[in-house]
Amino acid sequence: MSEPEVMRIRSAIEVMKMLGPLADDFTKESSTLRIMRAIIDRINDEHPPAALRLLALMEHKSAEEVAEELAVNMDAKELYVRLVDGLKRNDLAFMMDFAFVIGLSEARWAHD
Amino acid sequence: MTEKSVQIALGGREWTISRARLGDFLRLQQARDILLEGVKSEDNREIVTGLYAFLRVLLTDLTEDEFYSAPWHEIAAAFILIENINLLPHANEFAIIRHAVSSDKRVAWDNYLRSSLIWVHMIAKAYGWTKDEIENLWPEDAIALVQEILADEHIDREFIHALSEVAYEYNKTTKKSQYRPLQRPAWMALGDRDGKPRKTKLRKDWLPTGQVIYPEGAEEIVH
């Protein structure tokens, strides 16, 4: 399966809106693993379907499509890995910095 | 007053853009207002429209197709580059910016062009220049001119105020009239050019009483 492309602006704005309110939790972390955990935990805590929506936006799919794919070989690890890939591919640090610049996040990336 | 340029790559094309003159500077501001309004109302469509309008000011032939199909980070990078190249040099030198008071008050005759045309109106009224000439000014020159125009207007108003009887309040106790000067706007009244605050006198009974313990190394001030 080929890797999905980087998001387009409409999807990216939606993702920034989802991650913006959580920015305080993860923009100061320096370990990739802890950043991803913070995002995924908060997203699952607050809105269970948000993780699916986030993944769908980053993979140019509908939430239903992603749910179906994950249901075939239901593995929490797969959701986690695909989310991590998506956030890396879309340069999470730059995304949060841009979200901060345009006012969609109150915290900007705190480390290199 | 400084000509700067920057290279922007977006959707497989490249542009070399220069710093905006007043006209484009104000158009960038208008686009930024649409974007901020979208952020405030959480309206994705307005946010994206604002971003596109912002980029279109300087990337004049950027099509909607190119914009919507470009990777988001190219749009973000272009936005940041345009923002940075158009930062006002020495913005803190202008009292009108340093002591700017934001106001959401709208007048009855407000319209979407008013915030930018008000600049043209003010400068044209004072110097008789054409819209094109004014829009070709560097933004910092325009700010300096507007600051002078507003200061002049206020000083004229102070003179007229001093001639009017409303400027003299009658004090029944002393049986004398006392001159009440017209209040200056904050940017004309606050601080000096170096940004140092004015010394303010405090009544003695407002000062702390008793022994003052100064932190180690701090200067002891005797009132």
# chains A, B, ... in the order shown; residues from 1 in each chain; ligands from 1
>>> closest_atom_pairs(of="chain B", to="chain A", cutoff="9 Å", atoms="only C-alpha atoms", output="JSON lines")
{"residue": "B:Arg32", "atom": "CA", "partner": "A:Ile102", "partner_atom": "CA", "distance": 8.9}
{"residue": "B:Leu35", "atom": "CA", "partner": "A:Ile102", "partner_atom": "CA", "distance": 7.7}
{"residue": "B:Leu36", "atom": "CA", "partner": "A:Ile102", "partner_atom": "CA", "distance": 7.3}
{"residue": "B:Val39", "atom": "CA", "partner": "A:Leu104", "partner_atom": "CA", "distance": 6.5}
{"residue": "B:Lys40", "atom": "CA", "partner": "A:Gly103", "partner_atom": "CA", "distance": 8.5}
{"residue": "B:Glu42", "atom": "CA", "partner": "A:Lys17", "partner_atom": "CA", "distance": 8.2}
{"residue": "B:Asn44", "atom": "CA", "partner": "A:Ile13", "partner_atom": "CA", "distance": 6.8}
{"residue": "B:Arg45", "atom": "CA", "partner": "A:Arg10", "partner_atom": "CA", "distance": 8.0}
{"residue": "B:Ile47", "atom": "CA", "partner": "A:Ile13", "partner_atom": "CA", "distance": 8.1}
{"residue": "B:Val48", "atom": "CA", "partner": "A:Arg10", "partner_atom": "CA", "distance": 6.8}
{"residue": "B:Phe67", "atom": "CA", "partner": "A:Ile9", "partner_atom": "CA", "distance": 8.2}
{"residue": "B:Tyr68", "atom": "CA", "partner": "A:Ile9", "partner_atom": "CA", "distance": 6.5}
{"residue": "B:Ser69", "atom": "CA", "partner": "A:Arg8", "partner_atom": "CA", "distance": 6.2}
{"residue": "B:Ala70", "atom": "CA", "partner": "A:Arg8", "partner_atom": "CA", "distance": 6.2}
{"residue": "B:Pro71", "atom": "CA", "partner": "A:Arg8", "partner_atom": "CA", "distance": 5.0}
{"residue": "B:Trp72", "atom": "CA", "partner": "A:Ile9", "partner_atom": "CA", "distance": 4.5}
{"residue": "B:His73", "atom": "CA", "partner": "A:Met95", "partner_atom": "CA", "distance": 7.5}
{"residue": "B:Ile75", "atom": "CA", "partner": "A:Ile9", "partner_atom": "CA", "distance": 7.5}
{"residue": "B:Ala76", "atom": "CA", "partner": "A:Phe98", "partner_atom": "CA", "distance": 6.4}
{"residue": "B:Ala77", "atom": "CA", "partner": "A:Phe98", "partner_atom": "CA", "distance": 8.5}
{"residue": "B:Ile80", "atom": "CA", "partner": "A:Phe98", "partner_atom": "CA", "distance": 8.1}
>>> write_last_selection(atoms="N, CA, C and O atoms", output="short mmCIF file (atom, residue, chain, number, x, y, z; two decimals), in the first residue's frame")
data_model
loop_
_atom_site.label_atom_id
_atom_site.label_comp_id
_atom_site.auth_asym_id
_atom_site.auth_seq_id
_atom_site.Cartn_x
_atom_site.Cartn_y
_atom_site.Cartn_z
N ARG B 32 -6.17 39.13 6.29
CA ARG B 32 -5.88 38.61 7.63
C ARG B 32 -7.11 38.75 8.52
O ARG B 32 -7.39 37.90 9.36
N LEU B 35 -9.40 35.92 7.84
CA LEU B 35 -8.85 34.71 8.47
C LEU B 35 -9.14 34.73 9.98
O LEU B 35 -9.62 33.73 10.54
N LEU B 36 -8.87 35.86 10.63
CA LEU B 36 -9.08 35.94 12.08
C LEU B 36 -10.55 35.79 12.44
O LEU B 36 -10.90 35.18 13.45
N VAL B 39 -11.26 32.18 12.35
CA VAL B 39 -10.71 31.50 13.53
C VAL B 39 -11.64 31.75 14.73
O VAL B 39 -11.97 30.83 15.48
N LYS B 40 -12.09 33.00 14.84
CA LYS B 40 -12.96 33.37 15.96
C LYS B 40 -14.28 32.60 15.91
O LYS B 40 -14.78 32.13 16.92
N GLU B 42 -14.74 29.84 14.29
CA GLU B 42 -14.43 28.42 14.01
C GLU B 42 -15.02 27.98 12.68
O GLU B 42 -15.54 26.87 12.56
N ASN B 44 -14.22 26.93 9.16
CA ASN B 44 -13.10 26.48 8.30
C ASN B 44 -13.11 27.15 6.94
O ASN B 44 -12.06 27.50 6.41
N ARG B 45 -14.32 27.31 6.39
CA ARG B 45 -14.42 27.90 5.06
C ARG B 45 -13.86 29.32 5.04
O ARG B 45 -13.13 29.70 4.13
N ILE B 47 -11.71 30.56 7.19
CA ILE B 47 -10.26 30.50 7.45
C ILE B 47 -9.52 30.27 6.13
O ILE B 47 -8.58 30.98 5.80
N VAL B 48 -10.00 29.29 5.38
CA VAL B 48 -9.32 28.94 4.12
C VAL B 48 -9.47 30.08 3.10
O VAL B 48 -8.52 30.41 2.38
N PHE B 67 -4.15 26.39 -5.23
CA PHE B 67 -4.20 26.60 -3.78
C PHE B 67 -4.77 25.36 -3.07
O PHE B 67 -4.19 24.86 -2.11
N TYR B 68 -5.91 24.88 -3.56
CA TYR B 68 -6.56 23.77 -2.85
C TYR B 68 -5.86 22.43 -3.06
O TYR B 68 -6.07 21.49 -2.29
N SER B 69 -5.02 22.32 -4.12
CA SER B 69 -4.35 21.03 -4.32
C SER B 69 -2.91 21.04 -3.81
O SER B 69 -2.24 20.01 -3.86
N ALA B 70 -2.44 22.18 -3.31
CA ALA B 70 -1.06 22.24 -2.81
C ALA B 70 -0.97 21.60 -1.42
O ALA B 70 -1.94 21.64 -0.66
N PRO B 71 0.17 20.97 -1.10
CA PRO B 71 0.33 20.44 0.27
C PRO B 71 0.19 21.59 1.29
O PRO B 71 0.66 22.70 1.02
N TRP B 72 -0.45 21.30 2.41
CA TRP B 72 -0.76 22.36 3.36
C TRP B 72 0.49 23.11 3.82
O TRP B 72 0.45 24.32 4.05
N HIS B 73 1.65 22.37 3.96
CA HIS B 73 2.82 23.03 4.53
C HIS B 73 3.42 24.06 3.57
O HIS B 73 4.06 25.01 4.00
N ILE B 75 1.54 26.04 1.74
CA ILE B 75 0.68 27.21 1.97
C ILE B 75 1.10 27.91 3.26
O ILE B 75 1.24 29.13 3.32
N ALA B 76 1.35 27.08 4.30
CA ALA B 76 1.74 27.65 5.59
C ALA B 76 3.08 28.39 5.46
O ALA B 76 3.24 29.50 5.98
N ALA B 77 4.03 27.77 4.75
CA ALA B 77 5.35 28.40 4.59
C ALA B 77 5.22 29.71 3.82
O ALA B 77 5.84 30.72 4.19
N ILE B 80 3.78 32.39 6.11
CA ILE B 80 4.75 32.89 7.09
C ILE B 80 5.80 33.78 6.41
O ILE B 80 6.17 34.83 6.93
#
>>> select_by_dssp(residues="region 3-220 of chain B", states="alpha helix (DSSP H)", output="JSON, numbers by chain")
{"B": [22, 23, 24, 25, 26, 27, 28, 29, 30, 31, 32, 33, 34, 35, 36, 37, 38, 39, 40, 44, 45, 46, 47, 48, 49, 50, 51, 52, 53, 54, 55, 56, 57, 58, 64, 65, 66, 67, 68, 69, 72, 73, 74, 75, 76, 77, 78, 79, 80, 81, 82, 83, 84, 85, 95, 96, 97, 98, 114, 115, 116, 117, 118, 119, 120, 121, 122, 123, 124, 125, 126, 127, 131, 132, 133, 134, 135, 139, 140, 141, 142, 143, 144, 145, 146, 147, 148, 149, 150, 151, 152, 153, 154, 155, 156, 157, 158, 159, 160, 161, 162, 163, 186, 187, 188, 189]}
>>> atom_distance(atom1="CA of Leu79 (chain A)", atom2="CA of Val15 (chain A)")
16.4 Å
>>> atom_distance(atom1="CA of Glu169 (chain B)", atom2="CA of Arg157 (chain B)")
18.0 Å
>>> residues_around(residues="Glu65 (chain A)", least_positions_apart="5", cutoff="10 Å", atoms="only C-alpha atoms", output="PyMOL selection string")
chain A and resi 52+56+70-71
>>> atom_distance(atom1="CA of Leu57 (chain A)", atom2="CA of Trp109 (chain A)")
21.5 Å
>>> decode(residues="region 94-110 of chain B", atoms="all heavy atoms", output="PDB file, in the first residue's frame")
ATOM      1  N   PHE B  94       6.895  54.235  16.327  1.00  0.00           N
ATOM      2  CA  PHE B  94       5.698  55.050  16.122  1.00  0.00           C
ATOM      3  C   PHE B  94       4.794  54.997  17.355  1.00  0.00           C
ATOM      4  O   PHE B  94       4.272  53.940  17.696  1.00  0.00           O
ATOM      5  CB  PHE B  94       4.913  54.563  14.893  1.00  0.00           C
ATOM      6  CG  PHE B  94       5.715  54.588  13.629  1.00  0.00           C
ATOM      7  CD1 PHE B  94       6.188  53.424  13.054  1.00  0.00           C
ATOM      8  CD2 PHE B  94       6.026  55.797  13.023  1.00  0.00           C
ATOM      9  CE1 PHE B  94       6.934  53.440  11.901  1.00  0.00           C
ATOM     10  CE2 PHE B  94       6.777  55.831  11.856  1.00  0.00           C
ATOM     11  CZ  PHE B  94       7.234  54.658  11.302  1.00  0.00           C
ATOM     12  N   ALA B  95       4.601  56.171  17.954  1.00  0.00           N
ATOM     13  CA  ALA B  95       3.758  56.232  19.158  1.00  0.00           C
ATOM     14  C   ALA B  95       2.362  55.698  18.870  1.00  0.00           C
ATOM     15  O   ALA B  95       1.754  55.038  19.704  1.00  0.00           O
ATOM     16  CB  ALA B  95       3.678  57.670  19.649  1.00  0.00           C
ATOM     17  N   ILE B  96       1.886  55.967  17.669  1.00  0.00           N
ATOM     18  CA  ILE B  96       0.525  55.554  17.315  1.00  0.00           C
ATOM     19  C   ILE B  96       0.376  54.029  17.319  1.00  0.00           C
ATOM     20  O   ILE B  96      -0.702  53.489  17.554  1.00  0.00           O
ATOM     21  CB  ILE B  96       0.150  56.167  15.937  1.00  0.00           C
ATOM     22  CG1 ILE B  96      -1.345  56.301  15.808  1.00  0.00           C
ATOM     23  CG2 ILE B  96       0.756  55.424  14.792  1.00  0.00           C
ATOM     24  CD1 ILE B  96      -1.767  57.155  14.640  1.00  0.00           C
ATOM     25  N   ILE B  97       1.496  53.326  17.082  1.00  0.00           N
ATOM     26  CA  ILE B  97       1.472  51.853  17.142  1.00  0.00           C
ATOM     27  C   ILE B  97       1.785  51.398  18.561  1.00  0.00           C
ATOM     28  O   ILE B  97       1.150  50.501  19.113  1.00  0.00           O
ATOM     29  CB  ILE B  97       2.488  51.255  16.153  1.00  0.00           C
ATOM     30  CG1 ILE B  97       2.039  51.558  14.727  1.00  0.00           C
ATOM     31  CG2 ILE B  97       2.664  49.755  16.364  1.00  0.00           C
ATOM     32  CD1 ILE B  97       2.921  50.988  13.666  1.00  0.00           C
ATOM     33  N   ARG B  98       2.791  52.078  19.167  1.00  0.00           N
ATOM     34  CA  ARG B  98       3.212  51.694  20.521  1.00  0.00           C
ATOM     35  C   ARG B  98       2.054  51.779  21.522  1.00  0.00           C
ATOM     36  O   ARG B  98       1.906  50.945  22.387  1.00  0.00           O
ATOM     37  CB  ARG B  98       4.344  52.629  20.959  1.00  0.00           C
ATOM     38  CG  ARG B  98       5.414  51.959  21.751  1.00  0.00           C
ATOM     39  CD  ARG B  98       6.639  52.793  21.994  1.00  0.00           C
ATOM     40  NE  ARG B  98       6.397  54.165  22.334  1.00  0.00           N
ATOM     41  CZ  ARG B  98       6.937  55.203  21.674  1.00  0.00           C
ATOM     42  NH1 ARG B  98       7.687  54.982  20.626  1.00  0.00           N
ATOM     43  NH2 ARG B  98       6.696  56.436  22.051  1.00  0.00           N
ATOM     44  N   HIS B  99       1.246  52.798  21.374  1.00  0.00           N
ATOM     45  CA  HIS B  99       0.138  52.985  22.316  1.00  0.00           C
ATOM     46  C   HIS B  99      -1.210  52.758  21.631  1.00  0.00           C
ATOM     47  O   HIS B  99      -2.185  53.429  21.948  1.00  0.00           O
ATOM     48  CB  HIS B  99       0.188  54.382  22.926  1.00  0.00           C
ATOM     49  CG  HIS B  99       1.459  54.658  23.656  1.00  0.00           C
ATOM     50  ND1 HIS B  99       1.817  53.992  24.796  1.00  0.00           N
ATOM     51  CD2 HIS B  99       2.468  55.502  23.388  1.00  0.00           C
ATOM     52  CE1 HIS B  99       3.000  54.431  25.205  1.00  0.00           C
ATOM     53  NE2 HIS B  99       3.421  55.342  24.366  1.00  0.00           N
ATOM     54  N   ALA B 100      -1.208  51.837  20.671  1.00  0.00           N
ATOM     55  CA  ALA B 100      -2.455  51.585  19.939  1.00  0.00           C
ATOM     56  C   ALA B 100      -3.505  51.017  20.880  1.00  0.00           C
ATOM     57  O   ALA B 100      -3.204  50.193  21.741  1.00  0.00           O
ATOM     58  CB  ALA B 100      -2.201  50.610  18.807  1.00  0.00           C
ATOM     59  N   VAL B 101      -4.714  51.507  20.724  1.00  0.00           N
ATOM     60  CA  VAL B 101      -5.824  50.992  21.524  1.00  0.00           C
ATOM     61  C   VAL B 101      -6.770  50.322  20.544  1.00  0.00           C
ATOM     62  O   VAL B 101      -7.260  50.960  19.614  1.00  0.00           O
ATOM     63  CB  VAL B 101      -6.562  52.143  22.239  1.00  0.00           C
ATOM     64  CG1 VAL B 101      -7.711  51.614  23.075  1.00  0.00           C
ATOM     65  CG2 VAL B 101      -5.594  52.949  23.085  1.00  0.00           C
ATOM     66  N   SER B 102      -6.965  49.015  20.732  1.00  0.00           N
ATOM     67  CA  SER B 102      -7.850  48.342  19.775  1.00  0.00           C
ATOM     68  C   SER B 102      -9.299  48.579  20.179  1.00  0.00           C
ATOM     69  O   SER B 102      -9.631  48.619  21.359  1.00  0.00           O
ATOM     70  CB  SER B 102      -7.540  46.850  19.718  1.00  0.00           C
ATOM     71  OG  SER B 102      -7.907  46.259  20.919  1.00  0.00           O
ATOM     72  N   SER B 103     -10.107  48.752  19.175  1.00  0.00           N
ATOM     73  CA  SER B 103     -11.512  49.007  19.452  1.00  0.00           C
ATOM     74  C   SER B 103     -12.362  48.251  18.438  1.00  0.00           C
ATOM     75  O   SER B 103     -12.063  48.253  17.244  1.00  0.00           O
ATOM     76  CB  SER B 103     -11.778  50.505  19.347  1.00  0.00           C
ATOM     77  OG  SER B 103     -13.147  50.732  19.223  1.00  0.00           O
ATOM     78  N   ASP B 104     -13.389  47.579  18.942  1.00  0.00           N
ATOM     79  CA  ASP B 104     -14.283  46.853  18.040  1.00  0.00           C
ATOM     80  C   ASP B 104     -15.489  47.693  17.658  1.00  0.00           C
ATOM     81  O   ASP B 104     -16.412  47.219  17.005  1.00  0.00           O
ATOM     82  CB  ASP B 104     -14.753  45.546  18.702  1.00  0.00           C
ATOM     83  CG  ASP B 104     -13.637  44.502  18.667  1.00  0.00           C
ATOM     84  OD1 ASP B 104     -12.719  44.664  17.845  1.00  0.00           O
ATOM     85  OD2 ASP B 104     -13.685  43.569  19.484  1.00  0.00           O
ATOM     86  N   LYS B 105     -15.467  48.960  18.096  1.00  0.00           N
ATOM     87  CA  LYS B 105     -16.614  49.828  17.821  1.00  0.00           C
ATOM     88  C   LYS B 105     -16.760  50.017  16.321  1.00  0.00           C
ATOM     89  O   LYS B 105     -15.790  50.281  15.620  1.00  0.00           O
ATOM     90  CB  LYS B 105     -16.397  51.195  18.462  1.00  0.00           C
ATOM     91  CG  LYS B 105     -16.872  51.282  19.885  1.00  0.00           C
ATOM     92  CD  LYS B 105     -16.810  52.719  20.344  1.00  0.00           C
ATOM     93  CE  LYS B 105     -16.757  52.787  21.856  1.00  0.00           C
ATOM     94  NZ  LYS B 105     -16.303  54.079  22.327  1.00  0.00           N
ATOM     95  N   ARG B 106     -17.992  49.882  15.852  1.00  0.00           N
ATOM     96  CA  ARG B 106     -18.232  50.081  14.424  1.00  0.00           C
ATOM     97  C   ARG B 106     -19.146  51.279  14.243  1.00  0.00           C
ATOM     98  O   ARG B 106     -20.057  51.495  15.039  1.00  0.00           O
ATOM     99  CB  ARG B 106     -18.895  48.846  13.839  1.00  0.00           C
ATOM    100  CG  ARG B 106     -17.934  47.688  13.825  1.00  0.00           C
ATOM    101  CD  ARG B 106     -18.335  46.676  12.807  1.00  0.00           C
ATOM    102  NE  ARG B 106     -17.232  45.741  12.612  1.00  0.00           N
ATOM    103  CZ  ARG B 106     -17.257  44.787  11.716  1.00  0.00           C
ATOM    104  NH1 ARG B 106     -18.277  44.636  10.943  1.00  0.00           N
ATOM    105  NH2 ARG B 106     -16.239  43.975  11.590  1.00  0.00           N
ATOM    106  N   VAL B 107     -18.877  52.023  13.195  1.00  0.00           N
ATOM    107  CA  VAL B 107     -19.739  53.167  12.924  1.00  0.00           C
ATOM    108  C   VAL B 107     -20.835  52.724  11.967  1.00  0.00           C
ATOM    109  O   VAL B 107     -20.721  51.694  11.299  1.00  0.00           O
ATOM    110  CB  VAL B 107     -18.924  54.328  12.297  1.00  0.00           C
ATOM    111  CG1 VAL B 107     -17.994  54.939  13.314  1.00  0.00           C
ATOM    112  CG2 VAL B 107     -18.171  53.871  11.073  1.00  0.00           C
ATOM    113  N   ALA B 108     -21.903  53.559  11.922  1.00  0.00           N
ATOM    114  CA  ALA B 108     -23.067  53.179  11.113  1.00  0.00           C
ATOM    115  C   ALA B 108     -22.721  53.090   9.631  1.00  0.00           C
ATOM    116  O   ALA B 108     -23.345  52.335   8.889  1.00  0.00           O
ATOM    117  CB  ALA B 108     -24.181  54.194  11.337  1.00  0.00           C
ATOM    118  N   TRP B 109     -21.722  53.859   9.192  1.00  0.00           N
ATOM    119  CA  TRP B 109     -21.383  53.875   7.755  1.00  0.00           C
ATOM    120  C   TRP B 109     -20.212  52.932   7.425  1.00  0.00           C
ATOM    121  O   TRP B 109     -19.562  53.068   6.393  1.00  0.00           O
ATOM    122  CB  TRP B 109     -21.074  55.301   7.290  1.00  0.00           C
ATOM    123  CG  TRP B 109     -19.951  55.972   8.011  1.00  0.00           C
ATOM    124  CD1 TRP B 109     -18.649  56.003   7.630  1.00  0.00           C
ATOM    125  CD2 TRP B 109     -20.021  56.713   9.219  1.00  0.00           C
ATOM    126  NE1 TRP B 109     -17.895  56.700   8.538  1.00  0.00           N
ATOM    127  CE2 TRP B 109     -18.724  57.159   9.539  1.00  0.00           C
ATOM    128  CE3 TRP B 109     -21.051  57.053  10.114  1.00  0.00           C
ATOM    129  CZ2 TRP B 109     -18.426  57.900  10.677  1.00  0.00           C
ATOM    130  CZ3 TRP B 109     -20.753  57.795  11.240  1.00  0.00           C
ATOM    131  CH2 TRP B 109     -19.460  58.207  11.509  1.00  0.00           C
ATOM    132  N   ASP B 110     -19.974  51.976   8.302  1.00  0.00           N
ATOM    133  CA  ASP B 110     -18.864  51.037   8.097  1.00  0.00           C
ATOM    134  C   ASP B 110     -19.109  50.164   6.856  1.00  0.00           C
ATOM    135  O   ASP B 110     -20.251  49.883   6.511  1.00  0.00           O
ATOM    136  CB  ASP B 110     -18.737  50.126   9.326  1.00  0.00           C
ATOM    137  CG  ASP B 110     -17.335  49.570   9.444  1.00  0.00           C
ATOM    138  OD1 ASP B 110     -16.484  49.958   8.628  1.00  0.00           O
ATOM    139  OD2 ASP B 110     -17.089  48.756  10.344  1.00  0.00           O
TER     140      ASP B 110
END
